[in-house]
Amino acid sequence: MPVRLNILLILLISLISFSGRGSDSYGEEKTLKIGAVYPLTGSMAKMGNEELRGTELAIKEINDAGGINGCRIVLAKADAPDPNTAVSEAERLINLEKVPLIVGSYSSGVAFAASAVAERNRVVYWEMGGVVDDLVKRGFKYTFRTVNNQSGIANPPEPTGIPLSLQSEAIKEVIAKRLGKDIKDITVALIHENSSYGTGSAAVVNSTLKSWGAKVVLKESYDAKTNDLSSLVLKIKKLDPDVLCGTTYINDAILFLKQCQEMNYTPKSIVFNGNATKEFVDGIGPKIAEGLLTTENPQRIMNDAGTPGQKEFYENYKKVYGTDPSSPHSLRSYVGTKALAEVLKNCIKNGTINPDDFAKAAYSLDIPIGKTASGWGIKFLPPGNPMAGQNYRSFGVLYVFKDGKSYAVYPSQFAVPGILDSIKFPLPSFKSR
Amino acid sequence: MEILGQVFINGILIGGVFALISIGLTLIFGVMRVINFAHGDLLMTAMYTTYFLSLAGVDPYISILIAIPVYYVAGILLYKIFIRPVIRSSALTQILTTLGLAILLQNLALIFFKGDMRTTNSSFISGSTELYGFYLSNTRLVAFIVTIIVTSAVFLFLKRTWTGKAIRATTMDRDAATLMGIDFNRVYITAFAIGISLIGIAGALLAPMFQTFPTVGSQFGNLAFIVVVLGGLGDLKGAVLGGLIIGLVDAFSGYYLTTGLKEVVYFGIFILVLLVRPSGIFGLGRGWEGVGMK
């Protein structure tokens, strides 16, 4: 009789604990609500939504695996198409939703505004997309950034092997070698769109190349909204440099290549910045894209050995959203959110976090390069550093187009074996393709 | 010399494109004295129309035949909904109305088509033609030829037909024309609808050249205004010549100065023209430059 009573009791208890799932009245099941600020409407909507998807996917995985120390994560989403809305939405999240942590945001402007509100309210701000350097230069105690900053880290606390200028590195390590030339004999035409993005990036490439002794035979800017680049094409055609290096947006890059074709000119080699997207390949066609190099945020297809979980991320993404990611933004926010979970593991208490505990846990996080789905490592520059809170183990990757797909070719640990060898340099004429 | 010729050809061809995007704007202004700030965004919708038709298997260059009637009807509807209520109001009200339409179109496009860049390909016109060592971009060559044909057709229509004459009469003096038995509302509807169908044609020709996305209109809208003001607001020949001038300036300053400076050069010329001859190179002189004022 007592045995049967015991069994009944156990059954009863387990029944109660099961029915208690999801209700606040029972203490066993805890949730941590975190805010998410992204531009979900307006001109940045596409990228903003793509980044949010990566975050959501990571949180889904975390919750499916039982949450963090038994605590489920709930996302309180806020739409911030511009910095002004970012301020009001961050305030709403903090004051009404009572979130102790905000993640975001794709846009540097949104991140800049929302992080200031968070810092003022002693709320942690975790940025995974905005790249402007100044975000982490304001001496904030609770702002962290997993994505690499715009101009890179010149003096990391330990050697990381991450080049400051990936485009220059591509010219030296990939193009010069494949053309069988010394970097000092390489001639480069440098073109860039004339906003701060293009100008800043081209300046770094220019000075890096010059310091190596390469010859920059042309450096010219243009308005990214231009309708005609034929004159620029003619100039470059006359110079016929070894490398065409461009910091472009997508439209101007496509226009430039179309007009190269029309003027019957094929650069010997091309290295662009941030154009390994489907839109770009659709825009110029896979035949013209073949052999083009471009830097990009880490994305498919990289060497699986250096990117544990990347293949699964892409499979999962397709399962959940029914399509492939339209850009690399979801992978970087996925990796950022997974890293966030690692930090939370060490500082979550009774379903909430203290910002100082969080900062301590974040600064002690130490994931080596090659151990996340994007290949990034995670280690924040320590307090006292002018860019404290910036991850110095994140980086861009060099891709090459082949059959309409982009494959990583540099840094070599992420390169897909055999791809680069199958590309001909100098590039075969556009006409013959 | 060879380079000079090639730069000249490129200038003329892009000039044709500039003219193409301007004739609809100048016609509507010339007849109705309404400055259509939604011009660029209507061009954007026309590019989307071409894109979606190309998905359905209609080549962009054939879709012109569909775009003309569709945009003619759209023009009639737009006139009845947006323009007629403000046709007797001040220029400011008209400007705000068309500006509102522009914002509406741009945001509708963002909601329905997202920010994606769309590429429209033509199966029979692409690449370039080599002629005596010079290269002529085929898409631009076709755009240039169509521009000349369309402008001539509209010009002849205005000069030779009764409806055209009625349009010109209304342009010269609306009240007198009304007294002569011309229904100015019908004239306006016709002129506006023709102007909008010109946008339909332009969109079909632009789509294979450029990417289509919700804010592409602003890329062309501003330029169209410069071309039109340079040539003389309301003047068809002026729009074509204005387009060619800007095109040549664009190409030569891009080659002989730097590409980044070409906008500076043609905006400089634009300001100079405004200072010296406010009515534009072919403008009709004093009184006509009073942008929509009555």
# chains A, B, ... in the order shown; residues from 1 in each chain; ligands from 1
$ residues_around --residues "Ala341 (chain A)" --least-positions-apart "4" --cutoff "10 Å" --atoms "only C-alpha atoms" --output "list in words"
Ala58, Ile59, Ile62, Gly67, Ile68, Ile73, Val335, Gly336, Thr337, Lys345, Asn346 and Ile348 of chain A
$ write_last_selection --atoms "all heavy atoms" --output "compact mmCIF listing (two decimals), in the first residue's frame"
# COMPACT_ATOMS: atom_id res chain seq x y z
N ALA A 58 18.72 31.10 -34.23
CA ALA A 58 19.61 30.73 -33.12
C ALA A 58 18.79 30.53 -31.84
O ALA A 58 18.99 29.56 -31.09
CB ALA A 58 20.68 31.79 -32.91
N ILE A 59 17.86 31.45 -31.59
CA ILE A 59 17.05 31.36 -30.37
C ILE A 59 16.15 30.13 -30.40
O ILE A 59 15.97 29.46 -29.39
CB ILE A 59 16.24 32.67 -30.18
CG1 ILE A 59 17.23 33.77 -29.78
CG2 ILE A 59 15.15 32.51 -29.14
CD1 ILE A 59 16.63 35.12 -29.62
N ILE A 62 18.28 27.26 -29.49
CA ILE A 62 18.62 27.29 -28.06
C ILE A 62 17.42 26.81 -27.23
O ILE A 62 17.55 25.98 -26.33
CB ILE A 62 19.02 28.73 -27.64
CG1 ILE A 62 20.35 29.10 -28.28
CG2 ILE A 62 19.10 28.86 -26.12
CD1 ILE A 62 20.62 30.59 -28.34
N GLY A 67 16.72 25.61 -23.63
CA GLY A 67 17.00 26.95 -23.13
C GLY A 67 18.38 27.06 -22.51
O GLY A 67 19.20 26.14 -22.61
N ILE A 68 18.63 28.20 -21.88
CA ILE A 68 19.94 28.43 -21.24
C ILE A 68 19.78 28.19 -19.74
O ILE A 68 19.03 28.90 -19.08
CB ILE A 68 20.42 29.86 -21.52
CG1 ILE A 68 20.56 30.08 -23.03
CG2 ILE A 68 21.73 30.12 -20.80
CD1 ILE A 68 20.74 31.51 -23.42
N ILE A 73 14.40 31.62 -23.92
CA ILE A 73 14.61 33.00 -24.39
C ILE A 73 13.39 33.43 -25.20
O ILE A 73 12.93 32.71 -26.07
CB ILE A 73 15.86 33.09 -25.29
CG1 ILE A 73 17.09 32.54 -24.58
CG2 ILE A 73 16.10 34.53 -25.74
CD1 ILE A 73 17.54 33.35 -23.41
N VAL A 335 25.53 33.56 -35.61
CA VAL A 335 26.75 33.32 -34.84
C VAL A 335 26.81 34.25 -33.62
O VAL A 335 27.17 33.82 -32.52
CB VAL A 335 27.99 33.51 -35.75
CG1 VAL A 335 29.28 33.54 -34.94
CG2 VAL A 335 28.05 32.41 -36.79
N GLY A 336 26.42 35.50 -33.83
CA GLY A 336 26.41 36.45 -32.72
C GLY A 336 25.48 36.03 -31.61
O GLY A 336 25.80 36.15 -30.42
N THR A 337 24.30 35.53 -31.99
CA THR A 337 23.32 35.12 -30.98
C THR A 337 23.78 33.87 -30.25
O THR A 337 23.56 33.73 -29.03
CB THR A 337 21.94 34.89 -31.65
OG1 THR A 337 21.62 36.03 -32.44
CG2 THR A 337 20.86 34.69 -30.61
N LYS A 345 24.96 31.83 -20.39
CA LYS A 345 25.14 30.61 -19.59
C LYS A 345 25.83 30.90 -18.26
O LYS A 345 25.55 30.29 -17.25
CB LYS A 345 26.01 29.63 -20.39
CG LYS A 345 25.26 28.43 -20.93
CD LYS A 345 26.23 27.50 -21.63
CE LYS A 345 25.52 26.78 -22.75
NZ LYS A 345 26.47 26.09 -23.63
N ASN A 346 26.75 31.87 -18.32
CA ASN A 346 27.57 32.15 -17.15
C ASN A 346 27.07 33.30 -16.29
O ASN A 346 27.73 33.69 -15.32
CB ASN A 346 29.01 32.43 -17.58
CG ASN A 346 29.64 31.22 -18.22
OD1 ASN A 346 29.42 30.10 -17.78
ND2 ASN A 346 30.39 31.44 -19.29
N ILE A 348 23.31 34.15 -16.13
CA ILE A 348 21.87 34.21 -15.95
C ILE A 348 21.52 33.69 -14.55
O ILE A 348 22.05 32.67 -14.10
CB ILE A 348 21.18 33.39 -17.07
CG1 ILE A 348 19.74 33.86 -17.28
CG2 ILE A 348 21.23 31.92 -16.83
CD1 ILE A 348 19.19 33.41 -18.63
$ interface_residues --of "chain A" --to "chain B" --cutoff "9 Å" --atoms "only C-alpha atoms" --output "ChimeraX atom specification"
/A:41-47,193-194,220-223,225-232,234-235,250-251,254-255,258-259,261-264,279-280,282-284
$ residues_around --residues "region 270-276 of chain B" --least-positions-apart "5" --cutoff "8 Å" --atoms "only C-alpha atoms" --output "mmCIF file with N, CA, C and O atoms, in the first residue's frame"
data_model
loop_
_atom_site.group_PDB
_atom_site.id
_atom_site.type_symbol
_atom_site.label_atom_id
_atom_site.label_comp_id
_atom_site.auth_asym_id
_atom_site.auth_seq_id
_atom_site.Cartn_x
_atom_site.Cartn_y
_atom_site.Cartn_z
ATOM 1 N N ILE B 226 16.580 68.219 -64.688
ATOM 2 C CA ILE B 226 17.690 69.021 -65.215
ATOM 3 C C ILE B 226 17.597 69.109 -66.732
ATOM 4 O O ILE B 226 17.689 70.185 -67.319
ATOM 5 N N LEU B 230 16.895 72.507 -68.719
ATOM 6 C CA LEU B 230 17.953 72.930 -69.629
ATOM 7 C C LEU B 230 17.393 73.161 -71.025
ATOM 8 O O LEU B 230 17.686 74.153 -71.683
ATOM 9 N N ILE B 281 17.255 76.643 -72.879
ATOM 10 C CA ILE B 281 17.821 76.955 -74.184
ATOM 11 C C ILE B 281 16.717 77.179 -75.228
ATOM 12 O O ILE B 281 16.781 78.079 -76.045
#
$ select_by_dssp --residues "region 36-137 of chain B" --states "alpha helix (DSSP H)" --output "PyMOL selection string"
chain B and resi 39-55+60-78+91-113
$ select_by_dssp --residues "region 35-94 of chain A" --states "strand (DSSP E)" --output "ChimeraX atom specification"
/A:35-38,71-79
$ write_last_selection --atoms "N, CA and C atoms" --output "PDB file, in the first residue's frame"
ATOM      1  N   GLY A  35      15.238  42.199 -25.896  1.00  0.00           N
ATOM      2  CA  GLY A  35      14.736  43.070 -26.957  1.00  0.00           C
ATOM      3  C   GLY A  35      15.527  42.867 -28.237  1.00  0.00           C
ATOM      4  N   ALA A  36      14.861  43.075 -29.369  1.00  0.00           N
ATOM      5  CA  ALA A  36      15.543  42.979 -30.665  1.00  0.00           C
ATOM      6  C   ALA A  36      15.164  44.188 -31.503  1.00  0.00           C
ATOM      7  N   VAL A  37      16.142  45.036 -31.825  1.00  0.00           N
ATOM      8  CA  VAL A  37      15.890  46.249 -32.609  1.00  0.00           C
ATOM      9  C   VAL A  37      16.447  46.071 -34.010  1.00  0.00           C
ATOM     10  N   TYR A  38      15.565  46.041 -34.990  1.00  0.00           N
ATOM     11  CA  TYR A  38      15.997  45.890 -36.385  1.00  0.00           C
ATOM     12  C   TYR A  38      15.145  46.776 -37.287  1.00  0.00           C
ATOM     13  N   CYS A  71      16.394  28.092 -18.844  1.00  0.00           N
ATOM     14  CA  CYS A  71      15.640  29.332 -19.028  1.00  0.00           C
ATOM     15  C   CYS A  71      15.406  29.569 -20.519  1.00  0.00           C
ATOM     16  N   ARG A  72      14.130  29.705 -20.881  1.00  0.00           N
ATOM     17  CA  ARG A  72      13.824  29.930 -22.292  1.00  0.00           C
ATOM     18  C   ARG A  72      14.023  31.393 -22.664  1.00  0.00           C
ATOM     19  N   ILE A  73      14.400  31.621 -23.923  1.00  0.00           N
ATOM     20  CA  ILE A  73      14.612  32.995 -24.386  1.00  0.00           C
ATOM     21  C   ILE A  73      13.392  33.431 -25.195  1.00  0.00           C
ATOM     22  N   VAL A  74      12.881  34.601 -24.865  1.00  0.00           N
ATOM     23  CA  VAL A  74      11.769  35.159 -25.626  1.00  0.00           C
ATOM     24  C   VAL A  74      12.239  36.464 -26.253  1.00  0.00           C
ATOM     25  N   LEU A  75      11.926  36.655 -27.542  1.00  0.00           N
ATOM     26  CA  LEU A  75      12.373  37.853 -28.253  1.00  0.00           C
ATOM     27  C   LEU A  75      11.252  38.880 -28.306  1.00  0.00           C
ATOM     28  N   ALA A  76      11.523  40.081 -27.795  1.00  0.00           N
ATOM     29  CA  ALA A  76      10.571  41.186 -27.943  1.00  0.00           C
ATOM     30  C   ALA A  76      11.066  42.031 -29.109  1.00  0.00           C
ATOM     31  N   LYS A  77      10.381  41.922 -30.267  1.00  0.00           N
ATOM     32  CA  LYS A  77      10.870  42.565 -31.474  1.00  0.00           C
ATOM     33  C   LYS A  77      10.411  44.019 -31.570  1.00  0.00           C
ATOM     34  N   ALA A  78      11.281  44.857 -32.110  1.00  0.00           N
ATOM     35  CA  ALA A  78      10.917  46.253 -32.331  1.00  0.00           C
ATOM     36  C   ALA A  78      11.403  46.666 -33.709  1.00  0.00           C
ATOM     37  N   ASP A  79      10.569  47.411 -34.420  1.00  0.00           N
ATOM     38  CA  ASP A  79      10.917  47.863 -35.764  1.00  0.00           C
ATOM     39  C   ASP A  79      11.522  49.265 -35.689  1.00  0.00           C
TER      40      ASP A  79
END
$ residues_around --residues "region 192-194 of chain B" --least-positions-apart "2" --cutoff "7 Å" --atoms "only C-alpha atoms" --output "PyMOL selection string"
chain B and resi 28+72-73+75-76+79+188-190+196-198
$ write_last_selection --atoms "N, CA, C and O atoms" --output "PDB file, in the first residue's frame"
ATOM      1  N   ILE B  28       3.882  66.820 -70.163  1.00  0.00           N
ATOM      2  CA  ILE B  28       2.877  67.112 -69.143  1.00  0.00           C
ATOM      3  C   ILE B  28       3.033  68.538 -68.631  1.00  0.00           C
ATOM      4  O   ILE B  28       2.066  69.273 -68.471  1.00  0.00           O
ATOM      5  N   TYR B  72      -1.429  54.335 -70.779  1.00  0.00           N
ATOM      6  CA  TYR B  72      -2.396  55.334 -71.230  1.00  0.00           C
ATOM      7  C   TYR B  72      -3.614  55.319 -70.302  1.00  0.00           C
ATOM      8  O   TYR B  72      -4.034  56.361 -69.793  1.00  0.00           O
ATOM      9  N   VAL B  73      -4.105  54.119 -70.041  1.00  0.00           N
ATOM     10  CA  VAL B  73      -5.265  53.983 -69.139  1.00  0.00           C
ATOM     11  C   VAL B  73      -4.877  54.428 -67.729  1.00  0.00           C
ATOM     12  O   VAL B  73      -5.616  55.159 -67.060  1.00  0.00           O
ATOM     13  N   GLY B  75      -2.722  56.581 -66.974  1.00  0.00           N
ATOM     14  CA  GLY B  75      -2.646  58.034 -67.019  1.00  0.00           C
ATOM     15  C   GLY B  75      -4.010  58.668 -66.822  1.00  0.00           C
ATOM     16  O   GLY B  75      -4.163  59.636 -66.071  1.00  0.00           O
ATOM     17  N   ILE B  76      -5.026  58.099 -67.485  1.00  0.00           N
ATOM     18  CA  ILE B  76      -6.391  58.624 -67.350  1.00  0.00           C
ATOM     19  C   ILE B  76      -6.842  58.522 -65.897  1.00  0.00           C
ATOM     20  O   ILE B  76      -7.367  59.486 -65.316  1.00  0.00           O
ATOM     21  N   TYR B  79      -4.973  60.904 -63.618  1.00  0.00           N
ATOM     22  CA  TYR B  79      -5.455  62.267 -63.813  1.00  0.00           C
ATOM     23  C   TYR B  79      -6.742  62.493 -63.038  1.00  0.00           C
ATOM     24  O   TYR B  79      -6.892  63.474 -62.325  1.00  0.00           O
ATOM     25  N   TYR B 188      -6.673  67.843 -71.314  1.00  0.00           N
ATOM     26  CA  TYR B 188      -5.711  67.530 -70.258  1.00  0.00           C
ATOM     27  C   TYR B 188      -5.590  66.025 -70.059  1.00  0.00           C
ATOM     28  O   TYR B 188      -4.500  65.498 -69.889  1.00  0.00           O
ATOM     29  N   ILE B 189      -6.741  65.354 -70.047  1.00  0.00           N
ATOM     30  CA  ILE B 189      -6.698  63.895 -69.878  1.00  0.00           C
ATOM     31  C   ILE B 189      -5.847  63.272 -70.980  1.00  0.00           C
ATOM     32  O   ILE B 189      -4.962  62.458 -70.720  1.00  0.00           O
ATOM     33  N   THR B 190      -6.099  63.702 -72.225  1.00  0.00           N
ATOM     34  CA  THR B 190      -5.352  63.133 -73.351  1.00  0.00           C
ATOM     35  C   THR B 190      -3.854  63.405 -73.197  1.00  0.00           C
ATOM     36  O   THR B 190      -3.024  62.505 -73.310  1.00  0.00           O
ATOM     37  N   ILE B 196       2.080  59.917 -69.667  1.00  0.00           N
ATOM     38  CA  ILE B 196       2.304  58.733 -68.823  1.00  0.00           C
ATOM     39  C   ILE B 196       2.647  57.516 -69.685  1.00  0.00           C
ATOM     40  O   ILE B 196       3.478  56.697 -69.312  1.00  0.00           O
ATOM     41  N   SER B 197       2.043  57.420 -70.877  1.00  0.00           N
ATOM     42  CA  SER B 197       2.413  56.257 -71.701  1.00  0.00           C
ATOM     43  C   SER B 197       3.845  56.384 -72.223  1.00  0.00           C
ATOM     44  O   SER B 197       4.506  55.380 -72.483  1.00  0.00           O
ATOM     45  N   LEU B 198       4.339  57.634 -72.354  1.00  0.00           N
ATOM     46  CA  LEU B 198       5.756  57.802 -72.700  1.00  0.00           C
ATOM     47  C   LEU B 198       6.633  57.237 -71.580  1.00  0.00           C
ATOM     48  O   LEU B 198       7.696  56.664 -71.817  1.00  0.00           O
TER      49      LEU B 198
END
$ closest_residue --among "A:Pro417, A:Asn350, A:Arg393, A:Thr323" --to "Glu29 (chain A)" --atoms "only C-alpha atoms"
A:Asn350
$ closest_residue --among "B:Gly200, B:Gly221, B:Gly30, B:Pro208" --to "Thr170 (chain B)" --atoms "only C-alpha atoms"
B:Gly30
$ residues_around --residues "Val58 (chain B)" --least-positions-apart "6" --cutoff "12 Å" --atoms "only C-alpha atoms" --output "list in words"
Thr49, Thr50, Tyr51, Phe52, Ile64, Leu65, Ile66, Ala67, Thr120, Asn121, Ser122, Ser123, Phe124 and Ala204 of chain B
$ atom_distance --atom1 "CA of Glu2 (chain B)" --atom2 "CA of Leu244 (chain B)"
20.3 Å
$ atom_distance --atom1 "CA of Val124 (chain A)" --atom2 "CA of Pro39 (chain A)"
19.2 Å
$ residues_around --residues "Thr160 (chain A)" --least-positions-apart "6" --cutoff "12 Å" --atoms "only C-alpha atoms" --output "PyMOL selection string"
chain A and resi 152-154+368-370+376-379+391-395+411
$ atom_distance --atom1 "CA of Ser152 (chain B)" --atom2 "CA of Met180 (chain B)"
27.8 Å
$ residues_around --residues "Ala189 (chain A)" --least-positions-apart "3" --cutoff "12 Å" --atoms "only C-alpha atoms" --output "ChimeraX atom specification"
/A:171,186,192,202,205-206,209,214-221,232-233,235-247,267-272
$ write_last_selection --atoms "C-alpha atoms" --output "tab-separated table (two decimals), in the first residue's frame"
chain	number	residue	atom	x	y	z
A	171	ILE	CA	45.83	41.10	-54.76
A	186	ILE	CA	51.53	44.51	-60.32
A	192	HIS	CA	35.30	53.34	-55.71
A	202	ALA	CA	39.80	52.54	-51.16
A	205	VAL	CA	43.74	49.58	-50.15
A	206	ASN	CA	45.69	52.37	-51.82
A	209	LEU	CA	49.34	48.47	-51.94
A	214	ALA	CA	52.53	47.80	-56.17
A	215	LYS	CA	51.67	50.40	-58.79
A	216	VAL	CA	48.29	52.05	-58.48
A	217	VAL	CA	47.88	53.43	-62.01
A	218	LEU	CA	44.42	54.87	-61.52
A	219	LYS	CA	42.37	55.81	-58.49
A	220	GLU	CA	39.01	57.23	-59.34
A	221	SER	CA	35.70	57.75	-57.60
A	232	LEU	CA	35.65	55.15	-66.71
A	233	VAL	CA	35.70	51.86	-68.60
A	235	LYS	CA	40.13	54.98	-69.25
A	236	ILE	CA	40.83	51.62	-67.63
A	237	LYS	CA	40.79	49.84	-70.97
A	238	LYS	CA	43.54	52.17	-72.19
A	239	LEU	CA	45.67	51.48	-69.10
A	240	ASP	CA	44.88	47.74	-69.08
A	241	PRO	CA	46.09	47.10	-65.50
A	242	ASP	CA	46.73	43.66	-63.96
A	243	VAL	CA	44.03	44.18	-61.37
A	244	LEU	CA	40.75	46.02	-61.31
A	245	CYS	CA	39.98	46.66	-57.64
A	246	GLY	CA	36.57	48.14	-56.86
A	247	THR	CA	34.75	49.24	-53.73
A	267	PRO	CA	40.01	43.20	-66.97
A	268	LYS	CA	42.82	40.70	-66.35
A	269	SER	CA	41.52	40.17	-62.84
A	270	ILE	CA	38.78	41.74	-60.74
A	271	VAL	CA	38.41	42.04	-56.99
A	272	PHE	CA	35.27	43.68	-55.63
$ closest_residue --among "A:Pro159, A:Gly375, A:Gly309, A:Pro83" --to "Val147 (chain A)" --atoms "only C-alpha atoms"
A:Gly375
